[in-house]
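Peer 1: Sharing upload_21.cif below, mmCIF, C-alpha atoms:
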```cif
data_input
#
loop_
_atom_site.label_atom_id
_atom_site.label_comp_id
_atom_site.auth_asym_id
_atom_site.auth_seq_id
_atom_site.Cartn_x
_atom_site.Cartn_y
_atom_site.Cartn_z
CA MET A 1 0.00 0.00 0.00
CA LYS A 2 1.56 3.28 -1.03
CA THR A 3 1.36 6.84 0.24
CA SER A 4 3.02 8.95 -2.39
CA THR A 5 2.39 9.90 -5.99
CA ILE A 6 3.54 7.20 -8.39
CA ALA A 7 4.56 7.67 -12.00
CA ALA A 8 3.89 4.58 -14.07
CA LEU A 9 5.54 4.06 -17.42
CA ALA A 10 3.77 2.21 -20.23
CA LEU A 11 5.88 0.97 -23.13
CA THR A 12 4.53 -0.34 -26.40
CA ALA A 13 6.94 -1.67 -29.03
CA GLY A 14 9.70 0.27 -27.34
CA THR A 15 7.84 3.59 -27.57
CA LEU A 16 6.72 5.72 -24.64
CA THR A 17 2.91 5.81 -24.77
CA ALA A 18 1.70 7.13 -21.42
CA VAL A 19 2.80 8.40 -18.07
CA ALA A 20 0.03 8.25 -15.47
CA VAL A 21 0.28 10.08 -12.19
CA VAL A 22 -1.48 7.95 -9.60
CA VAL A 23 -2.70 9.23 -6.26
CA PRO A 24 -4.43 6.70 -3.96
CA GLY A 25 -8.17 7.19 -4.11
CA LEU A 26 -7.93 9.97 -6.71
CA ASN A 27 -6.58 8.46 -9.92
CA PRO A 28 -7.31 4.71 -9.85
CA VAL A 29 -4.82 2.31 -11.36
CA PRO A 30 -6.23 0.77 -14.56
CA THR A 31 -7.76 -2.68 -14.15
CA PRO A 32 -5.46 -5.33 -15.66
CA THR A 33 -6.69 -7.04 -18.81
CA TYR A 34 -5.44 -10.52 -17.95
CA ALA A 35 -6.97 -13.50 -19.73
CA VAL A 36 -10.07 -14.66 -17.84
CA ALA A 37 -11.41 -18.14 -18.46
CA ALA A 38 -15.17 -18.54 -18.75
CA ALA A 39 -15.05 -21.34 -16.19
CA SER A 40 -12.34 -22.95 -14.09
CA ALA A 41 -11.83 -24.58 -10.72
CA VAL A 42 -11.38 -22.27 -7.75
CA VAL A 43 -7.78 -22.08 -6.49
CA ASP A 44 -6.97 -23.95 -3.29
CA HIS A 45 -4.95 -21.70 -0.94
CA GLY A 46 -4.02 -24.58 1.39
CA ALA A 47 -0.32 -24.37 0.57
CA PHE A 48 -0.20 -20.68 1.50
CA ASP A 49 -2.23 -21.41 4.62
CA LYS A 50 0.41 -23.92 5.80
CA LEU A 51 3.24 -21.49 5.18
CA LEU A 52 1.48 -18.70 7.07
CA HIS A 53 0.79 -21.00 10.02
CA LYS A 54 4.45 -21.93 10.06
CA HIS A 55 6.14 -18.57 9.52
CA VAL A 56 3.77 -15.88 10.90
CA ASN A 57 3.15 -15.48 14.62
CA ALA A 58 -0.01 -14.40 16.46
CA GLN A 59 1.07 -10.73 16.28
CA GLY A 60 1.36 -10.92 12.49
CA LEU A 61 5.16 -10.74 12.45
CA VAL A 62 6.87 -12.66 9.68
CA ASP A 63 9.82 -15.04 9.79
CA TYR A 64 11.14 -14.09 6.36
CA MET A 65 14.09 -16.47 6.62
CA GLY A 66 11.60 -19.24 7.32
CA PHE A 67 9.79 -18.38 4.08
CA LYS A 68 13.20 -18.38 2.39
CA ALA A 69 13.87 -21.90 3.68
CA ASP A 70 10.49 -23.00 2.29
CA GLU A 71 11.00 -21.11 -0.97
CA ALA A 72 10.30 -24.09 -3.22
CA ALA A 73 6.85 -24.62 -1.70
CA PHE A 74 6.18 -20.88 -1.70
CA ASN A 75 7.14 -20.49 -5.35
CA GLN A 76 4.91 -23.45 -6.23
CA TYR A 77 1.96 -21.63 -4.66
CA LEU A 78 2.81 -18.43 -6.53
CA ALA A 79 2.95 -20.42 -9.77
CA LEU A 80 -0.54 -21.74 -8.98
CA LEU A 81 -1.78 -18.16 -8.61
CA SER A 82 -0.01 -17.06 -11.77
CA LYS A 83 -1.58 -19.76 -13.92
CA ASN A 84 -5.10 -19.62 -12.46
CA PRO A 85 -6.60 -16.12 -12.29
CA PRO A 86 -10.21 -15.88 -11.10
CA ALA A 87 -12.64 -17.05 -13.77
CA ALA A 88 -15.99 -15.52 -14.62
CA ASN A 89 -17.84 -18.31 -12.83
CA TRP A 90 -16.08 -17.85 -9.48
CA PRO A 91 -18.27 -16.55 -6.63
CA LYS A 92 -17.40 -13.06 -5.37
CA ASN A 93 -15.85 -14.27 -2.12
CA ASP A 94 -13.59 -16.70 -3.94
CA GLN A 95 -12.38 -13.90 -6.17
CA MET A 96 -11.76 -11.56 -3.24
CA ALA A 97 -9.92 -14.24 -1.25
CA TYR A 98 -7.76 -14.98 -4.29
CA TRP A 99 -6.71 -11.35 -4.78
CA ILE A 100 -6.11 -10.65 -1.08
CA ASN A 101 -3.95 -13.76 -0.78
CA ALA A 102 -2.16 -12.84 -4.00
CA TYR A 103 -1.37 -9.32 -2.73
CA ASN A 104 -0.02 -10.60 0.57
CA ALA A 105 1.90 -13.48 -0.99
CA TYR A 106 3.56 -11.36 -3.68
CA THR A 107 4.45 -8.75 -1.06
CA ILE A 108 6.32 -11.46 0.83
CA ARG A 109 7.94 -12.53 -2.46
CA LEU A 110 9.05 -8.93 -3.05
CA ILE A 111 10.66 -8.73 0.39
CA LEU A 112 12.44 -12.05 -0.16
CA ASP A 113 13.74 -10.82 -3.51
CA HIS A 114 15.50 -7.92 -1.75
CA TYR A 115 16.13 -9.35 1.72
CA PRO A 116 17.56 -8.14 4.01
CA VAL A 117 15.82 -4.77 4.07
CA GLU A 118 14.70 -2.63 6.98
CA SER A 119 11.64 -1.31 5.15
CA ILE A 120 9.73 -2.11 1.98
CA LYS A 121 10.24 1.54 1.01
CA ASP A 122 13.99 0.87 0.76
CA ILE A 123 13.25 -1.32 -2.26
CA GLY A 124 12.16 1.72 -4.26
CA SER A 125 15.74 2.97 -4.49
CA LYS A 126 16.79 -0.38 -5.97
CA ILE A 127 14.27 -0.35 -8.82
CA LYS A 128 15.96 0.46 -12.12
CA ILE A 129 12.83 0.98 -14.25
CA PRO A 130 12.35 4.54 -15.58
CA PHE A 131 9.54 6.43 -13.80
CA VAL A 132 8.80 3.47 -11.50
CA THR A 133 10.05 4.63 -8.13
CA THR A 134 8.08 2.56 -5.63
CA PRO A 135 7.85 -1.19 -5.05
CA TRP A 136 4.06 -1.08 -5.40
CA ALA A 137 4.27 0.13 -9.01
CA ALA A 138 6.85 -2.42 -10.16
CA LYS A 139 5.41 -5.17 -12.34
CA PHE A 140 7.40 -8.07 -10.97
CA PHE A 141 4.94 -10.96 -11.34
CA SER A 142 2.47 -12.32 -13.90
CA ILE A 143 -1.12 -13.46 -13.51
CA GLY A 144 -3.06 -14.88 -16.42
CA GLY A 145 -0.18 -14.05 -18.73
CA GLU A 146 -0.10 -10.35 -17.85
CA LYS A 147 2.64 -8.58 -15.93
CA MET A 148 1.22 -6.99 -12.81
CA SER A 149 2.10 -4.84 -9.82
CA LEU A 150 0.78 -4.75 -6.28
CA ASP A 151 -0.95 -1.49 -7.24
CA ASN A 152 -2.81 -3.36 -9.99
CA ILE A 153 -4.22 -5.76 -7.42
CA GLU A 154 -5.12 -3.20 -4.76
CA HIS A 155 -6.33 -0.24 -6.79
CA GLY A 156 -7.11 -1.72 -10.20
CA ILE A 157 -8.97 -4.80 -8.95
CA LEU A 158 -9.89 -4.99 -5.26
CA ARG A 159 -10.84 -1.36 -4.61
CA LYS A 160 -12.35 -0.84 -8.04
CA LYS A 161 -14.30 -4.07 -8.49
CA PHE A 162 -15.44 -5.13 -5.03
CA ASP A 163 -16.16 -1.84 -3.24
CA ASP A 164 -15.51 -3.24 0.25
CA PRO A 165 -13.35 -0.94 2.43
CA ARG A 166 -12.54 -3.88 4.69
CA ILE A 167 -9.86 -4.85 2.20
CA HIS A 168 -7.74 -2.17 3.88
CA PHE A 169 -7.74 -4.36 7.00
CA SER A 170 -6.49 -7.36 5.02
CA LEU A 171 -3.77 -6.11 2.65
CA VAL A 172 -0.40 -6.14 4.36
CA CYS A 173 2.43 -4.00 2.96
CA ALA A 174 5.12 -5.65 5.13
CA SER A 175 5.22 -2.73 7.57
CA MET A 176 4.58 -2.36 11.28
CA SER A 177 1.69 0.09 10.83
CA CYS A 178 -0.05 -2.26 8.41
CA PRO A 179 -2.83 -4.50 9.67
CA ARG A 180 -1.74 -7.80 11.17
CA LEU A 181 -0.82 -10.45 8.63
CA ARG A 182 -3.07 -13.38 9.51
CA ASN A 183 -1.32 -16.68 10.08
CA GLU A 184 -3.89 -18.29 7.85
CA ALA A 185 -4.93 -17.74 4.25
CA TYR A 186 -8.17 -15.99 3.39
CA ALA A 187 -10.90 -18.42 2.37
CA ALA A 188 -14.24 -17.77 0.67
CA ASP A 189 -16.31 -19.68 3.21
CA LYS A 190 -15.08 -17.55 6.11
CA LEU A 191 -14.03 -14.36 4.33
CA ASN A 192 -16.58 -12.06 5.97
CA ALA A 193 -15.67 -13.33 9.44
CA GLN A 194 -11.95 -12.93 8.65
CA LEU A 195 -12.38 -9.36 7.39
CA ASP A 196 -14.48 -8.40 10.42
CA ASP A 197 -11.90 -9.99 12.73
CA GLN A 198 -9.20 -7.95 11.01
CA GLY A 199 -11.25 -4.81 11.61
CA HIS A 200 -11.64 -5.57 15.32
CA ASP A 201 -7.93 -6.37 15.64
CA PHE A 202 -6.80 -3.27 13.76
CA LEU A 203 -9.05 -0.74 15.49
CA ASN A 204 -8.32 -2.05 18.98
CA ASN A 205 -4.55 -2.29 18.61
CA PRO A 206 -3.04 0.83 20.22
CA ALA A 207 0.01 0.52 17.97
CA LYS A 208 -2.28 1.09 14.96
CA ASN A 209 -5.05 3.32 16.40
CA LYS A 210 -5.30 5.22 19.70
CA ILE A 211 -8.99 5.79 20.30
CA GLY A 212 -10.59 7.83 23.05
CA LYS A 213 -14.05 9.33 23.30
CA SER A 214 -12.88 12.95 23.11
CA ALA A 215 -9.84 12.42 20.85
CA ALA A 216 -8.78 9.66 18.48
CA GLN A 217 -5.47 9.18 16.71
CA LEU A 218 -6.31 6.98 13.77
CA SER A 219 -4.27 5.09 11.23
CA LYS A 220 -3.35 7.04 8.11
CA TYR A 221 -5.52 4.54 6.22
CA PHE A 222 -8.56 6.51 7.36
CA ASP A 223 -7.02 9.66 5.88
CA TRP A 224 -5.49 8.23 2.68
CA TYR A 225 -8.63 6.31 1.74
CA LYS A 226 -11.26 8.58 3.22
CA GLY A 227 -13.31 8.33 0.05
CA ASP A 228 -13.60 4.56 0.47
CA TRP A 229 -14.84 4.88 4.06
CA GLU A 230 -17.45 7.47 3.08
CA LYS A 231 -19.11 5.44 0.32
CA ASN A 232 -22.66 4.13 0.60
CA GLY A 233 -23.68 6.50 3.36
CA GLN A 234 -20.83 5.45 5.65
CA SER A 235 -18.16 7.57 7.33
CA VAL A 236 -14.86 7.20 9.14
CA VAL A 237 -16.71 7.54 12.46
CA LYS A 238 -19.19 4.80 11.55
CA TRP A 239 -16.43 2.41 10.48
CA VAL A 240 -14.43 3.09 13.63
CA ASP A 241 -17.51 2.50 15.80
CA LYS A 242 -18.28 -0.73 13.95
CA TYR A 243 -15.10 -2.33 15.32
CA SER A 244 -13.65 -0.21 18.14
CA THR A 245 -14.59 -1.04 21.72
CA THR A 246 -14.32 2.70 22.45
CA LYS A 247 -16.95 4.60 20.48
CA ILE A 248 -16.48 8.04 18.95
CA ASP A 249 -18.86 10.58 17.44
CA GLY A 250 -18.91 13.85 15.54
CA SER A 251 -17.47 15.73 18.50
CA THR A 252 -14.38 13.52 18.73
CA LYS A 253 -11.21 15.30 17.67
CA ILE A 254 -9.61 13.10 15.01
CA SER A 255 -5.94 13.18 14.02
CA TYR A 256 -3.75 10.65 12.26
CA LEU A 257 -0.73 8.71 13.47
CA ASP A 258 2.59 8.76 11.65
CA TYR A 259 3.05 5.60 9.62
CA ASN A 260 5.74 3.15 10.77
CA TRP A 261 7.29 1.65 7.65
CA SER A 262 9.69 -0.64 9.57
CA LEU A 263 9.62 -4.23 8.30
CA ASN A 264 7.09 -6.51 10.04
CA LYS A 265 9.70 -9.14 10.81
CA GLN A 266 10.08 -11.42 13.81
#
```
Before we go any further, please render this structure as structure tokens.

Peer 2:
Amino acid sequence: MKTSTIAALALTAGTLTAVAVVVPGLNPVPTPTYAVAAASAVVDHGAFDKLLHKHVNAQGLVDYMGFKADEAAFNQYLALLSKNPPAANWPKNDQMAYWINAYNAYTIRLILDHYPVESIKDIGSKIKIPFVTTPWAAKFFSIGGEKMSLDNIEHGILRKKFDDPRIHFSLVCASMSCPRLRNEAYAADKLNAQLDDQGHDFLNNPAKNKIGKSAAQLSKYFDWYKGDWEKNGQSVVKWVDKYSTTKIDGSTKISYLDYNWSLNKQ
């Protein structure tokens, strides 16, 4: 998940065709045009589930060297994702679970590709692609035969297609201020319960949000993606009150915490 303006470079037959300035929530990333099968079997995320159980603790901290030791199994799961994008016949929850797992898995892959790093933001200085200055804009993996970035998944697919702000509780950008990385994969049959659990965990964790009745210091997510929280008659206050044990209202003074980009490692 990014915070700054991103310049994305599109090349066609070696010719510069477009430079798009992307601001989260303002200029959405184009939806990828990967090949979608009319019908196919839903992907089984069991392999990722086992790896998460093994290498992520209850606080959501990641043993990246453990993932490195299990790299063969991890790469096999990524290959499964790459070859089997959601088909038109997949139920909505199966599609959402696929893309959330893909975002989190490819974020781990990105960290492993550059490990050791102290922050995912450090990777931006290592990218040697013109006009691509952040790790979220780099197209370092393929799904359905199309090169994609983490931005494509978050902004071009999940935010654009599914219109469920709870995705912000589930996508983990490998940083301490991100939501907790679950030590289980997301699954269609329990997706709603998992997303709600993430909301409760995120809003009641004082390292992510400090909420009092008269004043609340919220995660920058509620500032960066304010438009998402205000859709469909909702508001930041309503979303906070949905999950926080301490309730706020229109009189609560709201400010936003600085974002801690330190790596979420054990």

Peer 1: Give as a PDB file with C-alpha atoms, in the coordinates of the input the residues that the PyMOL selection byres ((chain A and resi 133-147) around 6) matches when applied to the coordinates above.

Peer 2:
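Contents of part-v2.pdb, as written:
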```pdb
ATOM      1  CA  TYR A  34      -5.440 -10.520 -17.950  1.00  0.00           C
ATOM      2  CA  ALA A  35      -6.970 -13.500 -19.730  1.00  0.00           C
ATOM      3  CA  SER A  82      -0.010 -17.060 -11.770  1.00  0.00           C
ATOM      4  CA  LYS A  83      -1.580 -19.760 -13.920  1.00  0.00           C
ATOM      5  CA  PRO A  85      -6.600 -16.120 -12.290  1.00  0.00           C
ATOM      6  CA  GLY A 124      12.160   1.720  -4.260  1.00  0.00           C
ATOM      7  CA  PHE A 131       9.540   6.430 -13.800  1.00  0.00           C
ATOM      8  CA  VAL A 132       8.800   3.470 -11.500  1.00  0.00           C
ATOM      9  CA  MET A 148       1.220  -6.990 -12.810  1.00  0.00           C
ATOM     10  CA  SER A 149       2.100  -4.840  -9.820  1.00  0.00           C
ATOM     11  CA  LEU A 150       0.780  -4.750  -6.280  1.00  0.00           C
ATOM     12  CA  ASP A 151      -0.950  -1.490  -7.240  1.00  0.00           C
TER      13      ASP A 151
END
```

Peer 1: Neighbourhood query: residues within 12 Å of (-0.6, 10.6, 15.9), file coordinates, counting all atoms listed in the file; return as a list in words.

Peer 2: Ser177, Pro206, Ala207, Lys208, Asn209, Lys210, Ile211, Ala215, Ala216, Gln217, Leu218, Ser219, Lys220, Asp223, Lys253, Ile254, Ser255, Tyr256, Leu257, Asp258, Tyr259 and Asn260 of chain A

Peer 1: Any chance you could resolve the PyMOL selection byres ((chain A and resi 112-118) around 12) against this file and give the residues as number ranges by chain?

Peer 2: A: 62-71, 74-75, 105-111, 119-127, 135, 140-141, 174-176, 260-265

Peer 1: What's around Ala188 of chain A at 8 Å? Count all atoms listed in the file, leave out sequence neighbours fewer than 4 positions away in its own chain, and write the answer as a ChimeraX atom specification.

Peer 2: /A:93-94,96-97

Peer 1: So how many Å separate atom CA of Leu52 of chain A and atom CA of Asp201 of chain A, to one decimal?

Peer 2: 17.7 Å

Peer 1: Name every residue that the PyMOL selection byres ((chain A and resi 183) around 7) selects in this structure, writing the answer as a short mmCIF file (atom, residue, chain, number, x, y, z; two decimals) with C-alpha atoms, in the frame of the given file with chains first and numbers rising.

Peer 2:
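Output file expr_8.cif follows:
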```cif
data_model
loop_
_atom_site.label_atom_id
_atom_site.label_comp_id
_atom_site.auth_asym_id
_atom_site.auth_seq_id
_atom_site.Cartn_x
_atom_site.Cartn_y
_atom_site.Cartn_z
CA LEU A 52 1.48 -18.70 7.07
CA HIS A 53 0.79 -21.00 10.02
CA VAL A 56 3.77 -15.88 10.90
CA ASN A 57 3.15 -15.48 14.62
CA ALA A 58 -0.01 -14.40 16.46
CA GLY A 60 1.36 -10.92 12.49
CA LEU A 181 -0.82 -10.45 8.63
CA ARG A 182 -3.07 -13.38 9.51
CA GLU A 184 -3.89 -18.29 7.85
CA ALA A 185 -4.93 -17.74 4.25
#
```

Peer 1: In Å, rounded to a single decimal, give me how far atom CA of Lys226 of chain A is from atom CA of Leu203 of chain A.

Peer 2: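 These two atoms are separated by 15.6 Å.
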
Peer 1: Given the choices A:Asp189, A:Asp197, A:Glu154, A:Asp163, which gets closest to Pro30 of chain A if the distance is worked out from all atoms listed in the file?

Peer 2: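 Closest residue, counting all atoms listed in the file: A:Glu154.
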
Peer 1: Which residue, A:Ala102, A:Leu191, A:Cys178, A:Val240, has the smallest gap to Asn152 of chain A when you use only C-alpha atoms?

Peer 2: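 Closest to Asn152 of chain A of all the choices is A:Ala102.
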
Peer 1: With only C-alpha atoms as the atoms that count, which of A:Ala187, A:Leu195, A:Ala47, A:Leu80 lies nearest to Ser170 of chain A?

Peer 2: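 Counting only C-alpha atoms, the residue closest to Ser170 of chain A is A:Leu195.
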
Peer 1: With a distance cut-off of 7 Å and only C-alpha atoms, select the neighbouring residues of segment 246-249 of chain A, excluding the residue or stretch itself and same-chain residues fewer than 6 positions from it, and output the selection as a list in words.

Peer 2: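 Here the qualifying residues turn out to be Ile211, Gly212, Lys213 and Val237 of chain A.
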
Peer 1: From the options A:Tyr77, A:Trp229, A:Trp99, A:Tyr243, which residue's atoms come nearest to Asp164 of chain A, counting all atoms listed in the file?

Peer 2: A:Trp229
